[in-house]
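A.B. asks: This is the structure, below, for whatever I ask next.
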Amino acid sequence: MNEIDLYRIDLNLLVVFESLMETRSVTATAERIGRTQSAVSHSLARLREQLGDPLLVRVGGEMQPSPFAEMIIDDIRPILRSIRRVIAPRSLFDPATSDRVFRIAMPTLTKVIAEVSKRVEAEAPHVRIEWLPAHHDVYAAVSEGMIDLAHLGGEPRLPEGLEHQTVEPFSWVTFARAGHPACADWGIDAWHRYPHVMVNVTRSMQNPFPVTPQGDGGARRVSAMIGDSAGVASLLGKSDFLATFPAILLAWDMDVFGLRALRPPVDLAPVLVRFFWSSRLANDAGGIWIRSIVIEIYRRLQAEAEAKLSGDSLLQPRAIK
């Protein structure tokens with residue numbers, strides 16, 4: 001689309017398009033945005049003409065998007081989200097009535113996600129949260145307001161334009177299936193002997209679970225690297241892999257998947273965790289609300305996980321390196 005075409009685009013057409021992509025229905029879109037069905041159909045026709053693409057076509061009883069529509073909607077949504085955020089007075093944010101979408105980038109911490117979702121559902125039944133991985137350009141996405149809140153491990157320098165809150169550092173715990181042969185003689189030899197699996201959330205510094213925890217010295221035999229932590233507990237329960245993670249990641253999956261918690265036989269430095277957001281949204285009422293919920297729940301669950309997997313609950317190694 002060239003610059004002249006852009007001047008012809010009515011913002012309302014993009015609002016209609018966004019709703020149609022979500023509802024796949026002219027009738028439902030008309031009800032949602034308070035317009036007639038004929039007005040919605042007319043808006044779609046105008047947008048089709050201006051973009052030179054059918055966008056949505058009826059297949060059976062539902063409208064199906066074209067490949068072009070699928071491609072552009074991911075760019076249009078954050079633009080409209082930013083516009084709504086800019087023009088909406090702070091006083092208008094009411095969790096009970098808001099239908100805002102919040103985007104949060106962090107590892108798949110299922111217990112955190114479940115409890116945040118439960119709390120949000122109780123306070124804001126129409127609010128939706130999109131949970132995203134921390135990709136390589138998460139700083140830029142947060143700075144531009146495309147992501148509302150992100151989770152960061154370690155202590156890299158944050159770019160300008162970001163604000164953050166630090167939570168308590170986590171300690172490392174090694175996990176294995178309860179019948180793992182390493183449990184019979186846990187120590188540095190077993191640490192070296194058996195294969196380790198790691199989660200590489202992203203190859204950049206945003207990775208809250210570093211590929212090699214500080215102090216490890218690369219001594220482990222890492223035989224598998226996966227991109228998401230969601231399936232780690234199941235994998236450990238069915239294999240002889242070892243995995244060393246923060247307690248909060250697997251503390252509530254141990255009974256379900258038959259796992260055992262072991263104290264690492266090497267000294268691994270605790271890691272600070274920060275949540276960060278765009279300075280431009282620091283005073284945004286909705287952002288303040290969702291940040292307070294996520295950070296409060298994360299801190300509580302991390303403390304519970306650390307307490308759950310400490311002292312006698314950890315299998316101690318024969319000797320600490």
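Here, A, B, ... name the chains of the structure tokens in the order displayed, residue numbers run from 1 inside each chain, and ligands are numbered from 1 in the same displayed order.
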Which residues are close to Ile76 in chain A, i.e. within 10 Å by only C-alpha atoms, leaving aside same-chain residues fewer than 3 positions away? Reply as a short mmCIF file (atom, residue, chain, number, x, y, z; two decimals) with N, CA and C atoms, in the first residue's frame.
C.D. replies:
```cif
data_model
loop_
_atom_site.label_atom_id
_atom_site.label_comp_id
_atom_site.auth_asym_id
_atom_site.auth_seq_id
_atom_site.Cartn_x
_atom_site.Cartn_y
_atom_site.Cartn_z
N LEU A 14 -10.77 -0.60 9.85
CA LEU A 14 -9.88 -1.56 10.52
C LEU A 14 -10.52 -2.13 11.77
N VAL A 15 -11.32 -1.31 12.47
CA VAL A 15 -12.05 -1.80 13.64
C VAL A 15 -13.04 -2.88 13.22
N PHE A 17 -12.83 -4.73 10.52
CA PHE A 17 -12.03 -5.88 10.09
C PHE A 17 -11.56 -6.71 11.28
N GLU A 18 -11.07 -6.04 12.31
CA GLU A 18 -10.61 -6.75 13.52
C GLU A 18 -11.74 -7.57 14.12
N MET A 71 -2.38 -12.63 7.48
CA MET A 71 -1.06 -12.05 7.60
C MET A 71 -1.10 -10.66 8.25
N ILE A 72 -2.09 -9.84 7.86
CA ILE A 72 -2.09 -8.45 8.33
C ILE A 72 -2.75 -8.25 9.69
N ILE A 73 -3.60 -9.20 10.12
CA ILE A 73 -4.32 -8.97 11.38
C ILE A 73 -3.37 -8.90 12.57
N ILE A 79 -1.73 -2.17 16.65
CA ILE A 79 -1.92 -0.76 16.30
C ILE A 79 -3.21 -0.24 16.90
N LEU A 80 -4.29 -0.98 16.73
CA LEU A 80 -5.58 -0.57 17.30
C LEU A 80 -5.52 -0.57 18.83
N ARG A 81 -4.81 -1.56 19.39
CA ARG A 81 -4.68 -1.62 20.84
C ARG A 81 -3.98 -0.37 21.37
#
```
A.B. asks: With only C-alpha atoms as the counted atoms, please give the residues lying no more than 12 Å from Ala69 in chain A, apart from itself and same-chain residues fewer than 2 positions off, as a list in words.
C.D. replies: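 Contacts, with the query itself left out: Leu14, Phe17, Glu18, Leu20, Met21, Glu22, Leu44, Leu47, Arg48, Leu51, Gly52, Asp53, Pro54, Leu55, Leu56, Val57, Met63, Gln64, Pro65, Ser66, Pro67, Met71, Ile72, Ile73, Asp74, Asp75, Ile76 and Arg77 of chain A.
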A.B. asks: In Å to one decimal, how far is CA of Trp172 in chain A from CA of Leu315 in chain A?
C.D. replies: 13.2 Å
A.B. asks: I'd like the contact shell of Ile295 in chain A - 12 Å cut-off, only C-alpha atoms, skipping same-chain residues fewer than 6 positions apart - returned as a list in words.
C.D. replies: Ile104, Met106, Val112, Ile113, Glu115, Val116, Leu149, Ala150, His151, His164, Gln165, Thr166, Val167, Glu168, Val273, Arg274, Phe275, Phe276, Gly287, Ile288, Trp289, Leu301 and Gln302 of chain A
A.B. asks: Give me the residues within 9 Å of Met225 in chain A as a list in words, counting only C-alpha atoms and dropping any in the same chain fewer than 2 places off.
C.D. replies: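 After dropping sequence-adjacent residues, the list is His196, Val197, Met198, Val199, Asn200, Val211, Val222, Ser223 and Gly227 of chain A.
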A.B. asks: For Leu158 in chain A, which residue out of A:Ser279, A:Ser38, A:Ser117, A:Thr29 is the nearest one, using only C-alpha atoms?
C.D. replies: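 So, comparing all the options, the nearest one is A:Ser279.
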A.B. asks: Please measure the separation of CA of Ala303 in chain A and CA of Arg291 in chain A, giving the value in Å to one decimal.
C.D. replies: 18.1 Å
A.B. asks: Find the residues near Ile248 in chain A: any atom within 10 Å, counting only C-alpha atoms, skip ones fewer than 6 places away on the same chain, and give them as a list in words.
C.D. replies: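 In the requested format, the answer is Leu109, Thr110, Lys111, Val112, Phe170, Ser171, Trp172, Val173, Tyr298, Arg299, Leu301, Gln302, Ala303, Glu304, Ala305, Glu306, Lys308 and Leu309 of chain A.
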A.B. asks: May I ask for the distance between CA of Val16 in chain A and CA of Arg85 in chain A, given in Å to one decimal place?
C.D. replies: 17.9 Å
A.B. asks: Pick the closest to Phe257 in chain A from A:Thr244, A:Ser239, A:Thr36, A:Ser234: which is it, counting only C-alpha atoms?
C.D. replies: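 Closest residue, counting only C-alpha atoms: A:Ser234.
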A.B. asks: Could you write out, as a VMD selection string, all the residues of range 171-281 of chain A that DSSP marks as alpha helix (DSSP H)?
C.D. replies: chain A and resid 188 to 193 232 to 237 247 to 250 254 to 257
A.B. asks: Keeping only N, CA and C atoms, write the selected residues as a PDB file, in the first residue's frame.
C.D. replies:
```pdb
ATOM      1  N   ILE A 188      28.196 -35.588  42.384  1.00  0.00           N
ATOM      2  CA  ILE A 188      28.784 -34.982  41.201  1.00  0.00           C
ATOM      3  C   ILE A 188      29.000 -36.002  40.085  1.00  0.00           C
ATOM      4  N   ASP A 189      29.286 -37.263  40.444  1.00  0.00           N
ATOM      5  CA  ASP A 189      29.475 -38.282  39.411  1.00  0.00           C
ATOM      6  C   ASP A 189      28.179 -38.523  38.644  1.00  0.00           C
ATOM      7  N   ALA A 190      27.068 -38.617  39.368  1.00  0.00           N
ATOM      8  CA  ALA A 190      25.777 -38.811  38.706  1.00  0.00           C
ATOM      9  C   ALA A 190      25.404 -37.582  37.880  1.00  0.00           C
ATOM     10  N   TRP A 191      25.728 -36.420  38.379  1.00  0.00           N
ATOM     11  CA  TRP A 191      25.485 -35.162  37.655  1.00  0.00           C
ATOM     12  C   TRP A 191      26.172 -35.192  36.291  1.00  0.00           C
ATOM     13  N   HIS A 192      27.387 -35.732  36.248  1.00  0.00           N
ATOM     14  CA  HIS A 192      28.130 -35.820  35.000  1.00  0.00           C
ATOM     15  C   HIS A 192      27.669 -36.995  34.137  1.00  0.00           C
ATOM     16  N   ARG A 193      27.272 -38.087  34.791  1.00  0.00           N
ATOM     17  CA  ARG A 193      27.005 -39.325  34.062  1.00  0.00           C
ATOM     18  C   ARG A 193      25.719 -39.266  33.246  1.00  0.00           C
ATOM     19  N   VAL A 232       8.285 -30.233  30.042  1.00  0.00           N
ATOM     20  CA  VAL A 232       9.470 -30.751  30.728  1.00  0.00           C
ATOM     21  C   VAL A 232       9.116 -31.812  31.763  1.00  0.00           C
ATOM     22  N   ALA A 233       8.099 -31.566  32.578  1.00  0.00           N
ATOM     23  CA  ALA A 233       7.748 -32.515  33.643  1.00  0.00           C
ATOM     24  C   ALA A 233       7.398 -33.880  33.071  1.00  0.00           C
ATOM     25  N   SER A 234       6.610 -33.891  32.011  1.00  0.00           N
ATOM     26  CA  SER A 234       6.234 -35.157  31.380  1.00  0.00           C
ATOM     27  C   SER A 234       7.458 -35.867  30.814  1.00  0.00           C
ATOM     28  N   LEU A 235       8.352 -35.109  30.183  1.00  0.00           N
ATOM     29  CA  LEU A 235       9.567 -35.693  29.621  1.00  0.00           C
ATOM     30  C   LEU A 235      10.431 -36.319  30.709  1.00  0.00           C
ATOM     31  N   LEU A 236      10.605 -35.622  31.814  1.00  0.00           N
ATOM     32  CA  LEU A 236      11.419 -36.160  32.905  1.00  0.00           C
ATOM     33  C   LEU A 236      10.811 -37.429  33.487  1.00  0.00           C
ATOM     34  N   GLY A 237       9.485 -37.458  33.576  1.00  0.00           N
ATOM     35  CA  GLY A 237       8.817 -38.619  34.144  1.00  0.00           C
ATOM     36  C   GLY A 237       8.929 -39.865  33.292  1.00  0.00           C
ATOM     37  N   ALA A 247      12.672 -23.604  41.306  1.00  0.00           N
ATOM     38  CA  ALA A 247      11.641 -24.427  41.943  1.00  0.00           C
ATOM     39  C   ALA A 247      10.254 -24.115  41.409  1.00  0.00           C
ATOM     40  N   ILE A 248       9.975 -22.844  41.090  1.00  0.00           N
ATOM     41  CA  ILE A 248       8.637 -22.436  40.679  1.00  0.00           C
ATOM     42  C   ILE A 248       8.195 -23.112  39.388  1.00  0.00           C
ATOM     43  N   LEU A 249       9.147 -23.586  38.599  1.00  0.00           N
ATOM     44  CA  LEU A 249       8.786 -24.178  37.310  1.00  0.00           C
ATOM     45  C   LEU A 249       8.087 -25.525  37.454  1.00  0.00           C
ATOM     46  N   LEU A 250       8.560 -26.366  38.383  1.00  0.00           N
ATOM     47  CA  LEU A 250       8.054 -27.740  38.454  1.00  0.00           C
ATOM     48  C   LEU A 250       7.547 -28.159  39.833  1.00  0.00           C
ATOM     49  N   MET A 254       5.346 -32.281  40.498  1.00  0.00           N
ATOM     50  CA  MET A 254       6.123 -33.434  40.938  1.00  0.00           C
ATOM     51  C   MET A 254       5.269 -34.660  41.224  1.00  0.00           C
ATOM     52  N   ASP A 255       4.175 -34.487  41.942  1.00  0.00           N
ATOM     53  CA  ASP A 255       3.324 -35.635  42.266  1.00  0.00           C
ATOM     54  C   ASP A 255       2.645 -36.188  41.025  1.00  0.00           C
ATOM     55  N   VAL A 256       2.210 -35.296  40.150  1.00  0.00           N
ATOM     56  CA  VAL A 256       1.499 -35.721  38.940  1.00  0.00           C
ATOM     57  C   VAL A 256       2.395 -36.568  38.045  1.00  0.00           C
ATOM     58  N   PHE A 257       3.661 -36.159  37.910  1.00  0.00           N
ATOM     59  CA  PHE A 257       4.556 -36.840  36.977  1.00  0.00           C
ATOM     60  C   PHE A 257       5.595 -37.720  37.678  1.00  0.00           C
TER      61      PHE A 257
END
```
